[in-house]
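Next comes upload-v7.cif, with mmCIF, C-alpha atoms.
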```cif
data_work
loop_
_atom_site.label_atom_id
_atom_site.label_comp_id
_atom_site.auth_asym_id
_atom_site.auth_seq_id
_atom_site.Cartn_x
_atom_site.Cartn_y
_atom_site.Cartn_z
CA MET A 1 0.00 0.00 0.00
CA ALA A 2 1.00 3.51 -0.61
CA ARG A 3 2.73 5.55 2.03
CA ALA A 4 0.51 8.14 3.65
CA LEU A 5 1.38 11.03 5.93
CA VAL A 6 -1.34 12.35 8.18
CA ASN A 7 -1.07 15.35 10.45
CA ILE A 8 -3.85 15.69 13.03
CA PRO A 9 -3.35 17.20 16.50
CA ARG A 10 -3.43 14.51 19.20
CA LYS A 11 -5.10 16.83 21.68
CA ALA A 12 -7.47 19.74 21.24
CA LYS A 13 -9.82 21.90 23.29
CA ARG A 14 -13.52 21.33 22.74
CA GLY A 15 -14.74 23.67 20.01
CA GLU A 16 -11.26 24.39 18.71
CA VAL A 17 -10.87 24.52 14.92
CA ILE A 18 -8.11 22.09 14.00
CA GLU A 19 -6.31 21.56 10.71
CA ILE A 20 -6.08 18.12 9.12
CA LYS A 21 -3.30 17.55 6.61
CA ALA A 22 -3.06 14.44 4.49
CA LEU A 23 -0.54 13.35 1.90
CA ILE A 24 -0.37 10.02 0.08
CA SER A 25 2.26 8.79 -2.34
CA HIS A 26 0.63 8.24 -5.74
CA PRO A 27 1.72 9.10 -9.31
CA MET A 28 -1.71 10.57 -10.22
CA GLU A 29 -1.16 9.44 -13.83
CA THR A 30 -3.28 11.84 -15.87
CA GLY A 31 -4.01 9.67 -18.91
CA TYR A 32 -2.62 12.43 -21.15
CA ARG A 33 1.04 11.47 -20.88
CA ARG A 34 2.76 9.44 -23.61
CA ASP A 35 5.90 7.31 -23.65
CA SER A 36 8.62 7.69 -26.32
CA THR A 37 6.66 5.46 -28.75
CA GLY A 38 3.54 7.61 -28.44
CA LYS A 39 1.60 5.12 -26.32
CA VAL A 40 -0.60 6.73 -23.70
CA TYR A 41 0.06 5.85 -20.08
CA PRO A 42 -3.41 4.84 -18.89
CA ARG A 43 -5.08 7.13 -16.38
CA ASP A 44 -4.59 6.07 -12.77
CA ILE A 45 -5.48 8.63 -10.14
CA ILE A 46 -6.95 8.86 -6.68
CA ASN A 47 -10.38 10.22 -7.49
CA ARG A 48 -11.95 10.38 -4.06
CA PHE A 49 -11.00 11.28 -0.53
CA VAL A 50 -13.28 11.08 2.48
CA CYS A 51 -12.66 12.10 6.08
CA THR A 52 -14.88 10.88 8.90
CA TYR A 53 -14.90 11.93 12.54
CA ASN A 54 -16.27 9.19 14.82
CA GLY A 55 -18.01 7.75 11.78
CA ALA A 56 -19.64 10.95 10.52
CA GLU A 57 -18.41 12.42 7.25
CA ILE A 58 -16.89 15.86 7.77
CA PHE A 59 -15.06 16.38 4.47
CA ARG A 60 -15.07 14.82 1.01
CA ALA A 61 -13.12 15.62 -2.15
CA ASP A 62 -13.48 14.54 -5.77
CA LEU A 63 -10.08 14.75 -7.41
CA PHE A 64 -9.23 15.13 -11.10
CA PRO A 65 -5.97 14.64 -13.06
CA ALA A 66 -5.14 18.32 -12.43
CA ILE A 67 -4.25 17.40 -8.83
CA ALA A 68 -0.47 17.02 -8.55
CA ALA A 69 1.26 13.69 -7.92
CA ASN A 70 1.34 12.61 -4.26
CA PRO A 71 -1.94 14.40 -3.60
CA PHE A 72 -1.91 16.71 -0.60
CA LEU A 73 -5.02 17.99 1.10
CA SER A 74 -5.50 20.28 4.04
CA PHE A 75 -8.82 21.27 5.59
CA PHE A 76 -10.35 22.11 8.95
CA THR A 77 -12.75 20.66 11.45
CA VAL A 78 -14.12 21.56 14.87
CA ALA A 79 -12.84 19.30 17.64
CA THR A 80 -16.12 18.04 19.08
CA ASP A 81 -15.38 14.79 20.93
CA SER A 82 -12.53 12.45 21.64
CA GLY A 83 -12.40 9.61 19.19
CA VAL A 84 -11.11 8.56 15.80
CA ILE A 85 -10.58 10.61 12.68
CA ALA A 86 -10.37 8.33 9.63
CA LEU A 87 -9.08 9.28 6.19
CA GLN A 88 -9.84 7.18 3.14
CA TRP A 89 -8.44 7.48 -0.36
CA THR A 90 -10.03 5.67 -3.32
CA GLY A 91 -8.22 5.05 -6.61
CA ASP A 92 -9.48 4.60 -10.18
CA ASP A 93 -8.96 0.85 -9.71
CA GLY A 94 -11.41 0.89 -6.79
CA GLN A 95 -8.71 0.16 -4.23
CA THR A 96 -8.91 2.08 -1.00
CA GLN A 97 -6.52 2.97 1.74
CA THR A 98 -7.56 4.10 5.19
CA GLU A 99 -5.51 5.85 7.84
CA MET A 100 -6.81 6.53 11.34
CA ALA A 101 -5.75 8.93 14.04
CA ASN A 102 -6.92 9.25 17.64
CA ILE A 103 -7.80 12.62 19.04
CA THR A 104 -8.36 13.56 22.67
CA VAL A 105 -10.72 16.48 23.20
CA GLU A 106 -10.73 18.17 26.59
CA MET Q 1 -11.62 -6.24 -74.09
CA SER Q 2 -10.25 -2.81 -74.57
CA ARG Q 3 -13.40 -1.48 -72.93
CA ARG Q 4 -12.92 -3.71 -69.92
CA SER Q 5 -9.35 -2.58 -69.47
CA THR Q 6 -10.51 1.04 -69.60
CA ILE Q 7 -12.93 0.35 -66.78
CA ALA Q 8 -10.25 -1.52 -64.86
CA ARG Q 9 -7.83 1.33 -65.34
CA SER Q 10 -10.33 3.94 -64.24
CA THR Q 11 -11.17 1.91 -61.13
CA ARG Q 12 -7.50 1.57 -60.41
CA ARG Q 13 -7.06 5.29 -60.90
CA ARG Q 14 -9.94 6.01 -58.57
CA PHE Q 15 -8.53 3.59 -56.03
CA LEU Q 16 -5.14 5.27 -56.19
CA ALA Q 17 -6.73 8.67 -55.81
CA ALA Q 18 -8.71 7.46 -52.81
CA ALA Q 19 -5.63 5.81 -51.28
CA GLY Q 20 -3.65 8.99 -51.85
CA ALA Q 21 -6.31 11.02 -50.12
CA ALA Q 22 -6.42 8.55 -47.26
CA LEU Q 23 -2.64 8.69 -46.92
CA ALA Q 24 -2.67 12.45 -46.97
CA GLY Q 25 -5.42 12.33 -44.40
CA SER Q 26 -3.56 9.91 -42.16
CA ALA Q 27 -0.50 12.10 -42.40
CA VAL Q 28 -2.46 15.06 -41.11
CA VAL Q 29 -4.77 13.42 -38.58
CA PRO Q 30 -2.16 12.06 -36.11
CA VAL Q 31 -0.55 15.50 -35.87
CA VAL Q 32 -3.89 16.77 -34.67
CA LEU Q 33 -4.56 13.80 -32.39
CA VAL Q 34 -1.16 13.62 -30.71
CA ARG Q 35 -1.81 16.86 -28.85
CA PRO Q 36 -4.34 16.32 -26.10
CA ALA Q 37 -7.33 18.57 -26.51
CA ARG Q 38 -6.96 21.61 -24.29
CA ALA Q 39 -9.69 22.93 -22.13
CA THR Q 40 -10.68 26.43 -23.18
CA PRO Q 41 -12.53 29.19 -21.34
CA GLU Q 42 -15.63 27.84 -23.14
CA THR Q 43 -15.17 24.23 -21.95
CA MET Q 44 -14.53 25.61 -18.48
CA ALA Q 45 -17.84 27.47 -18.66
CA VAL Q 46 -19.55 24.21 -19.67
CA ALA Q 47 -17.90 22.33 -16.78
CA ILE Q 48 -19.06 25.04 -14.38
CA ARG Q 49 -22.63 24.78 -15.72
CA ASP Q 50 -22.47 21.00 -15.19
CA VAL Q 51 -21.88 21.59 -11.50
CA ILE Q 52 -24.06 24.59 -10.71
CA GLY Q 53 -26.77 24.34 -13.36
CA GLU Q 54 -28.45 27.60 -14.29
CA ALA Q 55 -27.82 29.27 -10.94
CA ARG Q 56 -26.40 32.77 -10.91
CA VAL Q 57 -22.82 33.10 -9.70
CA ARG Q 58 -21.85 36.26 -7.89
CA GLU Q 59 -18.29 37.44 -7.63
CA GLY Q 60 -16.81 37.72 -4.16
CA ARG Q 61 -16.40 35.89 -0.85
CA VAL Q 62 -14.05 33.36 -2.51
CA LYS Q 63 -10.30 33.85 -2.45
CA ILE Q 64 -7.77 31.71 -4.30
CA ASP Q 65 -4.20 31.87 -3.12
CA LEU Q 66 -1.86 30.88 -5.93
CA PRO Q 67 1.59 32.24 -6.67
CA PRO Q 68 1.27 34.79 -9.52
CA LEU Q 69 4.39 33.38 -11.19
CA VAL Q 70 4.98 29.63 -11.24
CA GLU Q 71 8.22 28.08 -12.43
CA ASN Q 72 7.09 24.46 -12.32
CA GLY Q 73 3.48 23.74 -13.25
CA ASN Q 74 3.69 20.14 -12.01
CA SER Q 75 2.98 21.04 -8.41
CA VAL Q 76 1.53 24.39 -7.41
CA THR Q 77 0.22 24.99 -3.90
CA MET Q 78 -3.30 26.40 -3.97
CA THR Q 79 -5.47 27.52 -1.08
CA VAL Q 80 -9.13 28.40 -1.50
CA SER Q 81 -10.87 30.20 1.33
CA VAL Q 82 -14.46 31.38 1.55
CA GLU Q 83 -15.82 34.04 3.87
CA SER Q 84 -18.43 32.20 5.89
CA PRO Q 85 -19.37 31.87 9.57
CA MET Q 86 -19.68 28.07 8.98
CA THR Q 87 -22.74 27.72 11.21
CA GLU Q 88 -25.60 25.28 10.74
CA ALA Q 89 -27.69 28.10 9.22
CA ASP Q 90 -25.01 29.66 7.05
CA HIS Q 91 -22.13 27.57 5.76
CA VAL Q 92 -20.26 26.53 2.64
CA THR Q 93 -21.38 23.17 1.28
CA GLY Q 94 -19.03 22.91 -1.69
CA ILE Q 95 -15.94 24.42 -3.27
CA PHE Q 96 -15.40 23.64 -6.95
CA VAL Q 97 -12.16 24.51 -8.71
CA PHE Q 98 -11.76 24.86 -12.49
CA ASN Q 99 -9.02 25.81 -14.92
CA GLU Q 100 -8.98 27.16 -18.45
CA LYS Q 101 -6.12 25.43 -20.23
CA ASN Q 102 -5.28 22.03 -18.74
CA PRO Q 103 -6.45 19.06 -20.84
CA GLN Q 104 -9.53 18.90 -18.60
CA PRO Q 105 -11.38 21.86 -17.02
CA ASN Q 106 -12.00 20.24 -13.60
CA VAL Q 107 -9.42 20.43 -10.84
CA GLY Q 108 -11.23 19.29 -7.70
CA SER Q 109 -14.53 19.42 -5.84
CA PHE Q 110 -14.55 19.72 -2.07
CA HIS Q 111 -17.60 19.04 0.04
CA LEU Q 112 -17.82 20.72 3.43
CA THR Q 113 -20.15 20.64 6.40
CA PRO Q 114 -20.73 23.16 9.22
CA ARG Q 115 -18.38 20.97 11.26
CA ALA Q 116 -15.45 22.32 9.23
CA GLY Q 117 -15.39 25.47 11.37
CA LYS Q 118 -13.42 27.25 8.68
CA ALA Q 119 -14.08 27.16 4.92
CA ARG Q 120 -10.54 26.73 3.72
CA VAL Q 121 -9.01 23.96 1.60
CA SER Q 122 -5.44 23.58 0.37
CA THR Q 123 -3.98 21.20 -2.19
CA ARG Q 124 -1.32 21.06 -4.89
CA ILE Q 125 -2.38 21.30 -8.50
CA ARG Q 126 -0.96 20.92 -12.01
CA LEU Q 127 -1.03 23.83 -14.42
CA GLY Q 128 -0.47 23.10 -18.09
CA ASP Q 129 -0.20 26.72 -19.16
CA THR Q 130 -0.46 30.35 -18.13
CA GLN Q 131 -4.12 30.72 -17.28
CA THR Q 132 -6.91 31.72 -14.93
CA VAL Q 133 -8.05 29.38 -12.17
CA VAL Q 134 -11.63 29.78 -10.96
CA ALA Q 135 -13.16 28.60 -7.67
CA ILE Q 136 -16.89 28.54 -7.06
CA ALA Q 137 -18.39 28.13 -3.61
CA GLN Q 138 -21.88 26.83 -2.96
CA LEU Q 139 -23.49 28.16 0.22
CA SER Q 140 -26.13 26.48 2.36
CA ASP Q 141 -28.72 29.03 1.17
CA GLY Q 142 -28.14 27.79 -2.38
CA SER Q 143 -26.21 30.81 -3.64
CA PHE Q 144 -22.98 30.55 -5.60
CA TRP Q 145 -19.95 32.81 -5.25
CA SER Q 146 -16.77 32.86 -7.27
CA GLY Q 147 -13.19 33.99 -7.12
CA SER Q 148 -10.33 33.67 -9.56
CA ALA Q 149 -6.56 33.90 -9.80
CA ASP Q 150 -4.30 34.51 -12.79
CA VAL Q 151 -1.15 32.44 -12.92
CA VAL Q 152 1.83 32.78 -15.24
CA VAL Q 153 3.49 29.39 -15.75
CA THR Q 154 7.04 29.31 -17.13
CA VAL Q 155 7.48 25.51 -17.28
CA PRO Q 156 4.06 23.90 -17.71
CA ALA Q 157 3.12 20.48 -16.31
CA CYS Q 158 3.72 17.59 -18.73
CA LEU Q 159 5.72 19.74 -21.18
CA GLU Q 160 8.42 17.11 -21.46
CA TYR Q 161 5.96 14.55 -22.80
CA GLU Q 162 4.49 16.55 -25.66
#
```
Rendering of file as structure tokens:
Amino acid sequence: MARALVNIPRKAKRGEVIEIKALISHPMETGYRRDSTGKVYPRDIINRFVCTYNGAEIFRADLFPAIAANPFLSFFTVATDSGVIALQWTGDDGQTQTEMANITVE
Amino acid sequence: MSRRSTIARSTRRRFLAAAGAALAGSAVVPVVLVRPARATPETMAVAIRDVIGEARVREGRVKIDLPPLVENGNSVTMTVSVESPMTEADHVTGIFVFNEKNPQPNVGSFHLTPRAGKARVSTRIRLGDTQTVVAIAQLSDGSFWSGSADVVVTVPACLEYE
């Protein structure tokens, strides 16, 4: 599976707006690139990203080939409760990868 | 017999003419096909209509942070922020980003909830040419707002493969 880097604060005050940063290694092959013989490299991108907080969706992104390789995303959420923040990437081939982080809210 | 050969010759001539035309055609067509079709401001407008329908888009509230001059179009940091209190009653539900001149007009669509607290999204994008990037925000009241940024790209994404 691809290497993913996730940056979520471990602790937060209740009601605090926290930043979630996520990066995953992926070529994001656009489907417009050709090799030296003119053959097109088939498109292979991560087309969907979903973030859930204790099971409830808080952020979702549809990605297109214009997103750079090793797609990086940063967004915000209000720290409501202690629990698990899960990030899931889905590729064109239907494969998914999920990363989870625990957060303690005081 | 002489009549038959005349017919044969004329058919052969026609065939040669047709083949010649086909060859000429095939010589031209790949040159056109090798270059991926570029999005244009018109295709971007169509892509925007696909997302928002016939709704009116007002300018304002949306800010795109992109460097005005980009050396490498393969990875350009972009931040889109929308002025919004992000409450249950008044929040941003979607941010849609488009470009004019990449092979495809769509860049990304981001779906937010009031739980975001702050309507701001960052990512890294590819830019195939000097162009305008447009972001459209959908608010919970159904209104649409837009912002744009002009970027000069010195080395476009994917240049080495064309």
Considering only C-alpha atoms, extract the chain A residues located within 12 Å of chain Q and return them as a ChimeraX atom specification. /A:15-24,27-41,46-53,56-81
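One finds atom CA of Q:Phe144 at 14.6 Å from atom CA of Q:Val80.
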Step by step, work through what the PyMOL selection byres ((chain A and resi 96-100) around 7) selects in the shown file, and finish by giving those residues as an MDAnalysis selection string. chainID A and resid 84:91 94:95 101:102
What gap, in Å, lies between atom CA of Q:Glu83 and atom CA of Q:Arg49? 22.7 Å
Could you check which of Q:Met44, Q:Val62, Q:Val97, Q:Val92 is closest to Q:Ser146, using all atoms listed in the file? Q:Val62
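We find atom CA of Q:Ser148 and atom CA of Q:His91 to be spaced 20.3 Å apart.
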Residue nearest Q:Glu42 among Q:Lys101, Q:Met86, Q:Thr130, Q:Arg58 (counting all atoms listed in the file): Q:Lys101
Return as lines of an AutoDock Vina configuration file the centre and edge lengths, in Å with one decimal, of the box along x, y and z that encloses every atom of stretch 100-110 of chain Q in the file, padded by 3 Å per side.
```
center_x = -9.9
center_y = 23.0
center_z = -11.5
size_x = 15.3
size_y = 14.3
size_z = 24.8
```
